[in-house]
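Reading through the structure tokens given below for one structure.
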Amino acid sequence: MGKRTGAPYAAGLASGWVKWRQRHTTEAVVIGVTGRTPAAQALVLGRPKAGRMRAVGMSLPLAQQVRLAVAPLLHAVGEGMRELPGTVGGLPGADPVRFLPVKPEVVVEIEVDQARLEFGRYRHRPRVQRVRGDLTPELVDDEH
């Protein structure tokens, strides 16, 4: 939050304060897909932790360009849906998110508003920027 130093405090929505978020880019592994329609499709994202893949969040709905690039690269694992705890896909107390698991073989670049995970997840839903065909899941570090 910020405002001009010489501006007095004013109550209300148009008080002169400006809110901005710093954006960071990082990579994540696609471990699932949500949504029944293309407009609602999002990716379940994972990062390695202690030798296994752990869900760290769910992306915002995918832009058509990203959806078209990532869809042919995904391969379902089994035929059943799984549930992701609401705390990974949203806020504590949120309903679980149903998703179709996929083989963890696709890496995507994501835009997040925090440099590090908070309680093992992204606080806000990341935006998928692009597929990182030059990276494999083994190259995604577990530090972020």
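Labels used: A, B, ... for chains in the order of the structure tokens, numbers from 1 for residues in each chain, and numbers from 1 for ligands as shown.
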* To do: Once DSSP has gone over the backbone, tell me which residues of chain A are in strand (DSSP E or B), as a PyMOL selection string.
  => chain A and resi 2+18+24-34+42-49+52-58+76+82-84+97-102+107-112+118+121+127-131
* Which residues come within 12 Å of Val66 (chain A), counting only C-alpha atoms, excluding same-chain residues fewer than 3 positions away, as a VMD selection string? -> chain A and resid 38 to 39 41 to 43 59 to 63 69 to 73 108 to 110 127 to 132
* Near Ala55 (chain A), within 9 Å and counting only C-alpha atoms, which residues show up once chain neighbours fewer than 2 positions away are dropped, as a list in words? -> Ile31, Val44, Leu45, Gly46, Arg47, Pro48, Met53, Gly57, Met58, Leu84, Val88, Gly120 and Arg121 of chain A
Enumerate as a short mmCIF file (atom, residue, chain, number, x, y, z; two decimals) with all heavy atoms, in the first residue's frame all residues of region 6-80 of chain A assigned to alpha helix (DSSP H) by DSSP on the backbone, naming them with the chain letters and numbers the document uses.
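Here's the written file part-v1.cif:
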data_model
loop_
_atom_site.label_atom_id
_atom_site.label_comp_id
_atom_site.auth_asym_id
_atom_site.auth_seq_id
_atom_site.Cartn_x
_atom_site.Cartn_y
_atom_site.Cartn_z
N GLN A 64 -6.56 -19.42 -23.34
CA GLN A 64 -6.70 -20.38 -24.44
C GLN A 64 -5.35 -20.76 -25.04
O GLN A 64 -5.10 -21.93 -25.32
CB GLN A 64 -7.60 -19.81 -25.53
CG GLN A 64 -7.80 -20.81 -26.67
CD GLN A 64 -8.74 -20.30 -27.73
OE1 GLN A 64 -9.15 -19.16 -27.71
NE2 GLN A 64 -9.07 -21.15 -28.67
N GLN A 65 -4.46 -19.82 -25.21
CA GLN A 65 -3.13 -20.10 -25.78
C GLN A 65 -2.37 -21.11 -24.92
O GLN A 65 -1.76 -22.04 -25.43
CB GLN A 65 -2.36 -18.78 -25.88
CG GLN A 65 -0.93 -18.92 -26.31
CD GLN A 65 -0.22 -17.57 -26.30
OE1 GLN A 65 -0.83 -16.52 -26.42
NE2 GLN A 65 1.08 -17.59 -26.14
N VAL A 66 -2.40 -20.95 -23.61
CA VAL A 66 -1.71 -21.88 -22.70
C VAL A 66 -2.41 -23.23 -22.71
O VAL A 66 -1.76 -24.28 -22.76
CB VAL A 66 -1.66 -21.30 -21.27
CG1 VAL A 66 -1.09 -22.30 -20.30
CG2 VAL A 66 -0.85 -20.01 -21.25
N ARG A 67 -3.74 -23.23 -22.68
CA ARG A 67 -4.50 -24.48 -22.69
C ARG A 67 -4.18 -25.31 -23.93
O ARG A 67 -3.97 -26.52 -23.85
CB ARG A 67 -6.00 -24.18 -22.59
CG ARG A 67 -6.85 -25.40 -22.36
CD ARG A 67 -8.30 -25.09 -22.07
NE ARG A 67 -8.92 -24.20 -23.04
CZ ARG A 67 -9.26 -22.94 -22.81
NH1 ARG A 67 -9.05 -22.39 -21.63
NH2 ARG A 67 -9.83 -22.22 -23.74
N LEU A 68 -4.11 -24.66 -25.08
CA LEU A 68 -3.81 -25.36 -26.33
C LEU A 68 -2.38 -25.91 -26.34
O LEU A 68 -2.10 -26.96 -26.93
CB LEU A 68 -4.03 -24.45 -27.53
CG LEU A 68 -5.48 -24.05 -27.79
CD1 LEU A 68 -5.56 -23.01 -28.90
CD2 LEU A 68 -6.34 -25.26 -28.10
N ALA A 69 -1.46 -25.21 -25.69
CA ALA A 69 -0.07 -25.67 -25.64
C ALA A 69 0.13 -26.83 -24.67
O ALA A 69 0.90 -27.75 -24.93
CB ALA A 69 0.84 -24.50 -25.25
N VAL A 70 -0.57 -26.81 -23.54
CA VAL A 70 -0.33 -27.81 -22.50
C VAL A 70 -1.17 -29.08 -22.68
O VAL A 70 -0.71 -30.18 -22.35
CB VAL A 70 -0.53 -27.21 -21.08
CG1 VAL A 70 -1.98 -27.05 -20.72
CG2 VAL A 70 0.18 -28.02 -20.03
#
* In terms of the shortest atom-to-atom distance over only C-alpha atoms, which of A:Gly32, A:Gly51, A:Gly6, A:Pro85 is closest to Val140 (chain A)? ->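 That would be A:Gly51, the residue with the smallest distance to Val140 (chain A).
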* Distance of CA of Phe119 (chain A) from CA of Val56 (chain A), expressed in Å to one decimal place ->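 Going from CA of Val56 (chain A) over to CA of Phe119 (chain A) covers 9.3 Å.
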* Asked: With only C-alpha atoms as the atoms that count, which of A:Glu118, A:Val107, A:Gly78, A:Pro96 lies nearest to Thr26 (chain A)?
  ->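 Result for the nearest residue to Thr26 (chain A): A:Val107.
CA of Lys19 (chain A) lies 6.5 Å from CA of Gly2 (chain A).
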* Which of these, A:Val33, A:Trp17, A:Arg98, A:Arg54, has the shortest distance to Val77 (chain A) once you count only C-alpha atoms? ->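 Closest residue, counting only C-alpha atoms: A:Val33.
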* Asked: Quick one: of A:Glu105, A:Glu111, A:Glu138, A:Asp95, who's nearest to Ala76 (chain A), counting only C-alpha atoms?
  ->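 Nearest candidate to Ala76 (chain A) out of A:Glu105, A:Glu111, A:Glu138, A:Asp95: A:Glu105.
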* Measure the distance from CA of Arg116 (chain A) to CA of Leu135 (chain A) in Å and round it to one decimal. => 20.1 Å
